[in-house]
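Next comes upload16.tsv, with TSV, C-alpha atoms.
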```tsv
chain	number	residue	atom	x	y	z
A	1117	MET	CA	8.94	0.15	-18.37
A	1118	VAL	CA	8.49	0.39	-14.59
A	1119	PRO	CA	4.97	-0.85	-13.79
A	1120	PHE	CA	2.66	1.47	-11.86
A	1121	SER	CA	0.16	0.24	-9.27
A	1122	ILE	CA	-2.40	1.75	-6.90
A	1123	LEU	CA	-2.55	1.55	-3.09
A	1124	ASP	CA	-6.02	2.31	-1.73
A	1125	LEU	CA	-7.36	2.71	1.81
A	1126	SER	CA	-11.04	3.08	0.81
A	1127	PRO	CA	-11.16	6.58	2.31
A	1128	VAL	CA	-14.39	7.59	4.02
A	1129	ILE	CA	-14.81	11.28	3.21
A	1130	GLU	CA	-16.52	13.83	5.41
A	1131	GLY	CA	-20.24	13.43	4.77
A	1132	GLY	CA	-19.70	10.06	3.06
A	1133	THR	CA	-20.50	6.47	4.02
A	1134	VAL	CA	-18.59	3.21	4.17
A	1135	ALA	CA	-20.77	1.81	1.36
A	1136	GLN	CA	-19.81	4.73	-0.88
A	1137	SER	CA	-16.14	4.29	-0.02
A	1138	LEU	CA	-16.13	0.61	-0.92
A	1139	GLU	CA	-17.89	1.30	-4.21
A	1140	ASN	CA	-15.36	4.07	-4.92
A	1141	SER	CA	-12.54	1.57	-4.39
A	1142	ARG	CA	-14.07	-0.68	-7.02
A	1143	ARG	CA	-14.49	2.25	-9.43
A	1144	LEU	CA	-10.90	3.28	-8.85
A	1145	ALA	CA	-9.68	-0.25	-9.57
A	1146	GLN	CA	-11.71	-0.38	-12.77
A	1147	GLU	CA	-10.11	2.88	-13.90
A	1148	ALA	CA	-6.66	1.60	-12.98
A	1149	GLU	CA	-7.30	-1.58	-14.95
A	1150	ALA	CA	-8.46	0.38	-18.00
A	1151	TYR	CA	-5.30	2.49	-17.93
A	1152	GLY	CA	-2.82	-0.36	-17.59
A	1153	TYR	CA	-1.89	-0.38	-13.91
A	1154	LYS	CA	-0.45	-3.69	-12.76
A	1155	ARG	CA	-1.83	-4.04	-9.22
A	1156	PHE	CA	-4.50	-2.62	-6.97
A	1157	TRP	CA	-3.69	-3.12	-3.31
A	1158	LEU	CA	-5.76	-2.43	-0.20
A	1159	ALA	CA	-4.44	-1.76	3.29
A	1160	GLU	CA	-5.52	-3.11	6.66
A	1161	HIS	CA	-6.24	-0.41	9.24
A	1162	HIS	CA	-8.51	-0.62	12.27
A	1163	GLY	CA	-10.50	1.82	14.36
A	1164	MET	CA	-10.09	4.71	11.91
A	1165	ARG	CA	-13.22	6.59	10.87
A	1166	GLY	CA	-11.61	7.69	7.62
A	1167	ILE	CA	-10.63	4.21	6.38
A	1168	ALA	CA	-13.08	1.49	5.28
A	1169	SER	CA	-10.66	-1.35	4.39
A	1170	ALA	CA	-10.34	-3.00	7.83
A	1171	ALA	CA	-11.76	-6.32	6.58
A	1172	THR	CA	-9.15	-6.32	3.84
A	1173	SER	CA	-9.81	-9.78	2.40
A	1174	LEU	CA	-13.48	-8.92	1.91
A	1175	VAL	CA	-12.65	-5.65	0.17
A	1176	ILE	CA	-10.17	-7.46	-2.09
A	1177	GLN	CA	-12.98	-9.83	-3.09
A	1178	HIS	CA	-15.29	-6.87	-3.78
A	1179	VAL	CA	-12.69	-5.17	-5.99
A	1180	ALA	CA	-11.57	-8.33	-7.79
A	1181	ALA	CA	-15.17	-9.21	-8.62
A	1182	GLY	CA	-15.57	-5.83	-10.33
A	1183	THR	CA	-12.43	-6.15	-12.47
A	1184	GLU	CA	-11.11	-8.69	-14.96
A	1185	LYS	CA	-7.31	-8.78	-15.16
A	1186	ILE	CA	-5.61	-6.34	-12.79
A	1187	ARG	CA	-3.88	-8.04	-9.85
A	1188	VAL	CA	-5.63	-7.30	-6.55
A	1189	GLY	CA	-4.04	-7.76	-3.16
A	1190	SER	CA	-3.10	-6.47	0.25
A	1191	GLY	CA	-0.73	-3.68	1.01
A	1192	GLY	CA	-0.86	-5.13	3.48
A	1193	ILE	CA	-2.35	-7.68	5.76
A	1194	MET	CA	-0.95	-7.02	9.25
A	1195	LEU	CA	-0.06	-10.63	9.95
A	1196	PRO	CA	0.40	-10.38	13.75
A	1197	ASN	CA	-3.32	-9.52	13.94
A	1198	HIS	CA	-4.19	-12.96	12.53
A	1199	SER	CA	-3.23	-16.61	12.65
A	1200	PRO	CA	-1.30	-17.74	9.55
A	1201	LEU	CA	-3.87	-20.51	8.96
A	1202	VAL	CA	-6.76	-18.03	8.76
A	1203	ILE	CA	-4.91	-15.85	6.23
A	1204	ALA	CA	-3.94	-18.93	4.19
A	1205	GLU	CA	-7.60	-19.96	4.05
A	1206	GLN	CA	-8.78	-16.44	3.13
A	1207	PHE	CA	-6.22	-15.92	0.38
A	1208	GLY	CA	-6.53	-19.50	-0.81
A	1209	THR	CA	-10.23	-18.77	-1.28
A	1210	LEU	CA	-9.49	-15.54	-3.13
A	1211	ALA	CA	-6.99	-17.36	-5.37
A	1212	ALA	CA	-9.63	-19.98	-6.19
A	1213	LEU	CA	-12.15	-17.27	-7.09
A	1214	PHE	CA	-9.69	-15.13	-9.06
A	1215	PRO	CA	-6.88	-17.36	-10.38
A	1216	ASP	CA	-3.45	-15.77	-10.83
A	1217	ARG	CA	-4.73	-12.33	-9.80
A	1218	ILE	CA	-4.20	-12.23	-6.03
A	1219	ASP	CA	-1.18	-10.82	-4.14
A	1220	LEU	CA	-0.52	-11.11	-0.41
A	1221	GLY	CA	1.52	-8.26	1.02
A	1222	LEU	CA	2.37	-8.70	4.71
A	1223	GLY	CA	3.29	-6.22	7.42
A	1224	ARG	CA	4.03	-6.57	11.11
A	1225	ALA	CA	2.65	-3.27	12.46
A	1226	PRO	CA	-0.80	-3.30	14.09
A	1227	GLY	CA	-2.34	-0.82	11.63
A	1228	THR	CA	-4.04	1.00	14.49
A	1229	ASP	CA	-3.60	2.45	17.99
A	1230	MET	CA	-2.33	0.30	20.84
A	1231	ARG	CA	-5.71	-0.11	22.55
A	1232	THR	CA	-7.33	-1.38	19.36
A	1233	ALA	CA	-4.28	-3.53	18.70
A	1234	GLN	CA	-4.79	-5.14	22.09
A	1235	ALA	CA	-8.38	-5.95	21.16
A	1236	LEU	CA	-7.17	-7.49	17.89
A	1237	ARG	CA	-4.10	-9.40	19.07
A	1238	ARG	CA	-4.59	-9.99	22.82
A	1239	ASN	CA	-0.84	-10.60	23.23
A	1240	LEU	CA	1.02	-7.80	21.48
A	1241	ASP	CA	4.60	-8.80	22.29
A	1242	SER	CA	4.45	-12.41	21.18
A	1243	ALA	CA	2.50	-11.55	18.02
A	1244	ALA	CA	5.10	-9.08	16.75
A	1245	ASN	CA	8.06	-11.20	17.82
A	1246	ASN	CA	6.71	-14.23	15.97
A	1247	PHE	CA	6.43	-12.40	12.66
A	1248	PRO	CA	9.28	-14.21	10.81
A	1249	GLN	CA	8.03	-17.63	11.91
A	1250	ASP	CA	4.45	-16.68	11.03
A	1251	VAL	CA	5.48	-15.62	7.51
A	1252	VAL	CA	7.22	-18.96	6.94
A	1253	GLU	CA	4.27	-20.88	8.39
A	1254	LEU	CA	1.82	-18.99	6.17
A	1255	MET	CA	3.85	-19.73	3.03
A	1256	GLN	CA	3.98	-23.40	4.02
A	1257	PHE	CA	0.20	-23.49	4.40
A	1258	MET	CA	-0.16	-22.07	0.86
A	1259	GLY	CA	2.45	-24.41	-0.63
A	1260	PRO	CA	2.23	-28.11	-1.45
A	1261	THR	CA	1.18	-30.45	1.34
A	1262	THR	CA	3.42	-33.21	2.67
A	1263	PRO	CA	2.46	-36.68	3.95
A	1264	GLN	CA	3.56	-35.73	7.46
A	1265	GLN	CA	1.53	-32.50	7.55
A	1266	GLN	CA	-1.15	-32.64	10.22
A	1267	VAL	CA	-2.78	-29.22	9.66
A	1268	VAL	CA	-3.81	-28.30	6.11
A	1269	ALA	CA	-5.32	-25.02	4.87
A	1270	ILE	CA	-8.42	-25.84	2.83
A	1271	PRO	CA	-8.67	-23.74	0.69
A	1272	GLY	CA	-5.08	-22.51	0.65
A	1273	ALA	CA	-2.84	-25.53	0.20
A	1274	GLY	CA	-1.21	-25.48	-3.23
A	1275	SER	CA	-2.49	-21.97	-4.01
A	1276	ASN	CA	1.04	-20.49	-3.93
A	1277	VAL	CA	-0.29	-16.94	-3.64
A	1278	PRO	CA	2.67	-14.57	-4.19
A	1279	VAL	CA	3.85	-13.17	-0.85
A	1280	TRP	CA	5.43	-9.73	-0.49
A	1281	LEU	CA	6.97	-8.24	2.64
A	1282	LEU	CA	6.10	-4.64	3.40
A	1283	GLY	CA	8.15	-2.34	5.57
A	1284	SER	CA	8.87	1.17	6.75
A	1285	SER	CA	12.20	0.33	8.42
A	1286	HIS	CA	15.16	-2.03	8.01
A	1287	TYR	CA	13.48	-5.00	9.70
A	1288	SER	CA	11.43	-6.27	6.77
A	1289	ALA	CA	14.22	-5.39	4.33
A	1290	HIS	CA	16.48	-7.88	6.14
A	1291	LEU	CA	13.73	-10.50	6.31
A	1292	ALA	CA	12.62	-10.13	2.68
A	1293	GLY	CA	16.21	-10.50	1.54
A	1294	MET	CA	16.82	-13.53	3.72
A	1295	LEU	CA	13.62	-15.28	2.53
A	1296	GLY	CA	14.08	-14.30	-1.12
A	1297	LEU	CA	10.75	-12.45	-1.32
A	1298	PRO	CA	9.73	-9.26	-3.14
A	1299	PHE	CA	9.85	-6.17	-0.93
A	1300	ALA	CA	7.68	-3.04	-0.82
A	1301	PHE	CA	8.82	0.03	1.11
A	1302	ALA	CA	6.35	2.57	2.54
A	1303	SER	CA	8.19	5.72	1.50
A	1304	HIS	CA	4.80	7.46	1.16
A	1305	PHE	CA	4.71	7.89	4.95
A	1306	ALA	CA	8.18	6.77	6.18
A	1307	PRO	CA	10.83	8.41	4.00
A	1308	ASP	CA	13.86	8.40	6.27
A	1309	MET	CA	15.03	4.81	5.81
A	1310	LEU	CA	13.97	4.41	2.17
A	1311	LEU	CA	17.37	4.26	0.48
A	1312	SER	CA	19.13	2.35	3.24
A	1313	ALA	CA	16.33	-0.23	3.42
A	1314	LEU	CA	16.50	-0.79	-0.34
A	1315	GLU	CA	20.28	-1.16	-0.11
A	1316	ILE	CA	19.98	-3.71	2.70
A	1317	TYR	CA	17.33	-5.67	0.81
A	1318	ARG	CA	19.40	-5.86	-2.35
A	1319	GLU	CA	22.64	-6.71	-0.55
A	1320	ARG	CA	21.08	-9.39	1.67
A	1321	PHE	CA	18.88	-10.98	-0.99
A	1322	GLU	CA	19.15	-14.76	-1.30
A	1323	PRO	CA	17.64	-16.36	-4.43
A	1324	SER	CA	14.71	-18.61	-3.56
A	1325	GLN	CA	12.01	-20.75	-5.11
A	1326	TYR	CA	9.90	-17.58	-5.20
A	1327	LEU	CA	12.32	-15.11	-6.76
A	1328	ASP	CA	15.75	-15.32	-8.38
A	1329	LYS	CA	16.77	-11.68	-7.91
A	1330	PRO	CA	15.65	-8.71	-5.78
A	1331	HIS	CA	12.38	-7.04	-6.71
A	1332	ALA	CA	11.57	-3.78	-4.93
A	1333	MET	CA	8.41	-1.72	-5.07
A	1334	VAL	CA	8.32	1.79	-3.60
A	1335	GLY	CA	5.29	3.78	-2.51
A	1336	VAL	CA	4.49	7.46	-2.99
A	1337	MET	CA	1.55	9.72	-2.27
A	1338	GLY	CA	0.21	11.29	-5.42
A	1339	ALA	CA	-2.20	13.93	-6.63
A	1340	ALA	CA	-2.24	14.94	-10.28
A	1341	ALA	CA	-4.44	17.57	-11.93
A	1342	ASP	CA	-4.43	19.81	-14.99
A	1343	THR	CA	-2.30	22.41	-13.20
A	1344	ASP	CA	0.18	22.44	-10.32
A	1345	ALA	CA	-2.12	24.75	-8.35
A	1346	GLN	CA	-5.09	22.43	-8.71
A	1347	ALA	CA	-3.02	19.46	-7.58
A	1348	ASP	CA	-1.69	21.39	-4.57
A	1349	TYR	CA	-5.28	22.21	-3.62
A	1350	LEU	CA	-6.36	18.56	-3.85
A	1351	PHE	CA	-3.38	17.48	-1.74
A	1352	THR	CA	-4.43	19.67	1.19
A	1353	SER	CA	-6.86	16.89	2.16
A	1354	MET	CA	-3.95	14.56	2.81
A	1355	GLN	CA	-2.00	17.26	4.62
A	1356	GLN	CA	-4.93	17.94	6.94
A	1357	SER	CA	-5.36	14.21	7.53
A	1358	PHE	CA	-1.72	13.86	8.60
A	1359	VAL	CA	-1.98	16.84	10.96
A	1360	ARG	CA	-5.06	15.35	12.63
A	1361	LEU	CA	-3.36	11.97	12.92
A	1362	ARG	CA	-0.33	13.54	14.60
A	1363	ARG	CA	-2.64	15.38	17.02
A	1364	GLY	CA	-4.39	12.14	17.90
A	1365	THR	CA	-7.69	13.34	16.42
A	1366	PRO	CA	-8.14	11.36	13.19
A	1367	GLY	CA	-11.54	11.39	11.56
A	1368	ALA	CA	-13.24	11.22	8.18
A	1369	PHE	CA	-11.12	12.26	5.20
A	1370	PRO	CA	-11.38	16.07	4.95
A	1371	ALA	CA	-12.31	18.25	2.01
A	1372	PRO	CA	-9.48	20.32	0.48
A	1373	VAL	CA	-8.90	23.92	1.55
A	1374	ASP	CA	-7.56	26.98	-0.23
A	1375	ASP	CA	-4.97	27.73	2.44
A	1376	MET	CA	-3.32	25.33	4.91
A	1377	ASP	CA	-1.92	28.06	7.19
A	1378	PRO	CA	-4.97	28.13	9.52
A	1379	HIS	CA	-4.90	24.33	9.77
A	1380	TRP	CA	-1.36	23.69	11.03
A	1381	SER	CA	1.34	25.21	13.16
A	1382	GLU	CA	4.81	25.88	11.80
A	1383	GLY	CA	6.11	22.77	13.55
A	1384	GLU	CA	3.29	20.66	12.13
A	1385	ARG	CA	3.94	22.02	8.65
A	1386	ILE	CA	7.62	21.07	8.85
A	1387	ASN	CA	6.75	17.60	10.16
A	1388	VAL	CA	4.13	16.88	7.48
A	1389	GLU	CA	6.26	18.19	4.63
A	1390	HIS	CA	9.16	16.04	5.82
A	1391	THR	CA	6.94	12.95	6.05
A	1392	LEU	CA	5.51	13.58	2.59
A	1393	GLN	CA	8.78	14.66	0.98
A	1394	TYR	CA	8.50	12.08	-1.80
A	1395	ALA	CA	4.90	12.95	-2.67
A	1396	VAL	CA	4.27	13.44	-6.38
A	1397	VAL	CA	1.93	16.41	-6.67
A	1398	GLY	CA	1.37	18.61	-9.70
A	1399	GLY	CA	0.28	18.97	-13.28
A	1400	PRO	CA	1.36	16.54	-16.03
A	1401	GLU	CA	4.86	17.94	-16.59
A	1402	LYS	CA	5.68	18.32	-12.91
A	1403	ILE	CA	4.62	14.82	-11.92
A	1404	LYS	CA	6.58	13.37	-14.83
A	1405	ARG	CA	9.75	15.08	-13.56
A	1406	GLN	CA	9.09	14.04	-9.97
A	1407	ILE	CA	8.49	10.41	-10.92
A	1408	ALA	CA	11.61	10.30	-13.08
A	1409	ASP	CA	13.72	11.73	-10.24
A	1410	PHE	CA	12.25	9.31	-7.69
A	1411	LEU	CA	12.81	6.26	-9.88
A	1412	SER	CA	16.34	7.44	-10.60
A	1413	ILE	CA	17.33	7.58	-6.93
A	1414	THR	CA	15.52	4.40	-5.85
A	1415	LYS	CA	16.08	2.18	-8.93
A	1416	ALA	CA	12.67	0.73	-8.08
A	1417	ASP	CA	11.28	-2.20	-10.04
A	1418	GLU	CA	7.70	-0.99	-9.48
A	1419	LEU	CA	5.98	2.17	-8.25
A	1420	ILE	CA	2.80	2.04	-6.17
A	1421	VAL	CA	0.86	5.27	-5.76
A	1422	SER	CA	-1.64	6.20	-3.06
A	1423	MET	CA	-3.99	8.92	-4.33
A	1424	PRO	CA	-5.78	10.39	-1.30
A	1425	ILE	CA	-8.12	12.80	-3.08
A	1426	TYR	CA	-11.48	13.89	-1.66
A	1427	ASP	CA	-13.44	14.24	-4.90
A	1428	MET	CA	-13.92	10.97	-6.76
A	1429	ASP	CA	-13.89	12.48	-10.24
A	1430	ALA	CA	-10.61	14.24	-9.42
A	1431	ARG	CA	-9.22	10.94	-8.11
A	1432	LEU	CA	-10.08	9.15	-11.34
A	1433	LYS	CA	-8.50	11.94	-13.36
A	1434	SER	CA	-5.33	11.65	-11.27
A	1435	VAL	CA	-5.19	7.94	-12.12
A	1436	ARG	CA	-5.35	8.82	-15.81
A	1437	LEU	CA	-2.70	11.52	-15.55
A	1438	PHE	CA	-0.26	9.22	-13.74
A	1439	ALA	CA	-0.81	6.62	-16.46
A	1440	GLY	CA	-0.04	9.25	-19.07
A	1441	ALA	CA	3.18	10.17	-17.26
A	1442	GLN	CA	4.21	6.50	-17.18
A	1443	GLN	CA	3.67	6.16	-20.93
A	1444	GLU	CA	5.70	9.28	-21.69
A	1445	LEU	CA	8.53	8.18	-19.42
A	1446	SER	CA	8.63	4.73	-21.00
A	1447	LEU	CA	8.79	6.24	-24.50
A	1448	ALA	CA	11.61	8.54	-23.43
A	1449	ALA	CA	13.64	5.73	-21.82
```
Let me see the file written as structure tokens.
Amino acid sequence: MVPFSILDLSPVIEGGTVAQSLENSRRLAQEAEAYGYKRFWLAEHHGMRGIASAATSLVIQHVAAGTEKIRVGSGGIMLPNHSPLVIAEQFGTLAALFPDRIDLGLGRAPGTDMRTAQALRRNLDSAANNFPQDVVELMQFMGPTTPQQQVVAIPGAGSNVPVWLLGSSHYSAHLAGMLGLPFAFASHFAPDMLLSALEIYRERFEPSQYLDKPHAMVGVMGAAADTDAQADYLFTSMQQSFVRLRRGTPGAFPAPVDDMDPHWSEGERINVEHTLQYAVVGGPEKIKRQIADFLSITKADELIVSMPIYDMDARLKSVRLFAGAQQELSLAA
């Protein structure tokens, strides 16, 4: 059975608050835990009015404290925004609070616009270029100490928090394979290099102390409802959000609309539909077919689903419907 997981950005809806968004993330994780999802990951973004998970480590703590067994982690921490020592201390602390439940997914993008990235990183070029060395340094800080080691992460040393590399291109596929780490590809917003990145990762994989064979997770956007039409309606929130992002006018997460035609041009429609080509949207039978097709072409070891749905009750129902599709697919396998 291919495990299912949830990727959450703590969306701040129009008319909502950050406090409500963070509580909704915890509720979503509790629902995911009850329905057998393996992981609940949160993503680092900055300067976006519609996303409340900027302080990702703090939100992970909030979610983990409200759950009991589901793994909670980052999808991801944008490592060039931070020193490896700081992240080792943060995730070492989380691992001490929630033993064997914390994951550390790492990315090298800024997770924001360039001006905000400058405020975060100060030196953009060196931060991004140092990503491979920073990943290795971070894993060393979380591994066993040595007598010669002069800087020790406390907490962090000996925590051995599982590290994943995240990517939307070939870069992290090469690096994850070379380091023998699990790899997660962001096909939910970057579909074009999905299959080639997975191929590179699997071909270049070198067994390591962390992993003896390749392990790939793939991401999809998802919206499930009782009918295909209801799911399409719910998904218009995400479509509007992508249009606004492309226009450079992002904001709070919008309510769904009955008709997208007034909200995008023909060119914008083509662009958004291409970007979201792997989205799983529909009623129970349709999403089951879409998931089966997607897993067939990717041969993914895990599936992680982002469910950007405006109404919280509808979001929770989507979580349940995806879990039902997983169970039916596993029985049919």
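For the atom pair formed by atom CA of A:Tyr1151 and atom CA of A:Ala1448, the distance is 18.8 Å, given to one decimal.
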Can you tell me, as a PyMOL selection string, which residues sit within 9 Å of (1.5, 13.2, -12.7) in the file's frame, using only C-alpha atoms? chain A and resi 1338-1341+1396-1407+1434-1442
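With distances taken over all atoms listed in the file, A:Gln1256 is the one residue among A:Gln1256, A:Ser1303, A:Thr1343, A:Asn1245 lying closest to A:Val1277.
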Which neighbours of stretch 1375-1382 of chain A fall inside 9 Å, counting all atoms listed in the file, when residues of the same chain fewer than 5 positions from it are skipped, and could you give them as number ranges by chain? A: 1349, 1352, 1355-1356, 1359, 1387
Export C-alpha atoms of the chosen residues as a PDB file, in the coordinates of the input?
```
ATOM      1  CA  TYR A1349      -5.280  22.210  -3.620  1.00  0.00           C
ATOM      2  CA  THR A1352      -4.430  19.670   1.190  1.00  0.00           C
ATOM      3  CA  GLN A1355      -2.000  17.260   4.620  1.00  0.00           C
ATOM      4  CA  GLN A1356      -4.930  17.940   6.940  1.00  0.00           C
ATOM      5  CA  VAL A1359      -1.980  16.840  10.960  1.00  0.00           C
ATOM      6  CA  ASN A1387       6.750  17.600  10.160  1.00  0.00           C
TER       7      ASN A1387
END
```
Between A:Phe1369, A:Ile1420, A:Leu1311, A:Trp1280, which has the minimum distance to A:Leu1327 (counting only C-alpha atoms)?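 Of A:Phe1369, A:Ile1420, A:Leu1311, A:Trp1280, the one nearest A:Leu1327, counting only C-alpha atoms, is A:Trp1280.
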Can you tell me which residues surround stretch 1131-1138 of chain A at a distance of at most 12 Å, considering all atoms listed in the file, apart from same-chain residues fewer than 2 positions away, and format the answer as a PyMOL selection string? chain A and resi 1124-1129+1140-1145+1158+1164-1172+1174-1179+1182+1367-1371+1426-1428
Just give me the gap between atom CA of A:Ala1289 and atom CA of A:Tyr1317 in Å, one decimal is fine.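 About the pair atom CA of A:Ala1289 and atom CA of A:Tyr1317: they are 4.7 Å apart.
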Take atom CA of A:Ser1422 and atom CA of A:Ala1233 and report the distance between them in Å, one decimal.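 If I compute the distance from atom CA of A:Ser1422 to atom CA of A:Ala1233, I get 24.0 Å.
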Would you mind listing what lies within 12 Å of A:Asp1374 as JSON, numbers by chain, with all atoms listed in the file counted and same-chain residues fewer than 6 positions away left out? {"A": [1345, 1346, 1347, 1348, 1349, 1350, 1351, 1352, 1353, 1356]}
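You can rank A:Phe1358, A:Phe1257, A:Phe1305, A:Tyr1287 by their closest distance to A:Gly1223 using only C-alpha atoms, and at the top of that list sits A:Tyr1287.
You can rank A:Val1118, A:Ser1446, A:Gly1272, A:Leu1361 by their closest distance to A:Val1202 using only C-alpha atoms, and at the top of that list sits A:Gly1272.
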Contacts of stretch 1190-1193 of chain A at 6 Å or less, counting only C-alpha atoms, minus same-chain residues fewer than 6 places along, as a compact mmCIF listing (two decimals) with C-alpha atoms, keeping the file's coordinate frame?
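What landed in part.txt:
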```
# COMPACT_ATOMS: atom_id res chain seq x y z
CA TRP A 1157 -3.69 -3.12 -3.31
CA LEU A 1158 -5.76 -2.43 -0.20
CA ALA A 1159 -4.44 -1.76 3.29
CA GLU A 1160 -5.52 -3.11 6.66
CA LEU A 1220 -0.52 -11.11 -0.41
CA GLY A 1221 1.52 -8.26 1.02
CA LEU A 1222 2.37 -8.70 4.71
CA GLY A 1223 3.29 -6.22 7.42
```
Please provide the set of residues having any atom within 6 Å of A:Val1336, restricted to all atoms listed in the file, with same-chain residues fewer than 4 positions apart removed, written as a PDB file with C-alpha atoms, in the frame of the given file.
```
ATOM      1  CA  HIS A1304       4.800   7.460   1.160  1.00  0.00           C
ATOM      2  CA  ALA A1395       4.900  12.950  -2.670  1.00  0.00           C
ATOM      3  CA  VAL A1421       0.860   5.270  -5.760  1.00  0.00           C
TER       4      VAL A1421
END
```
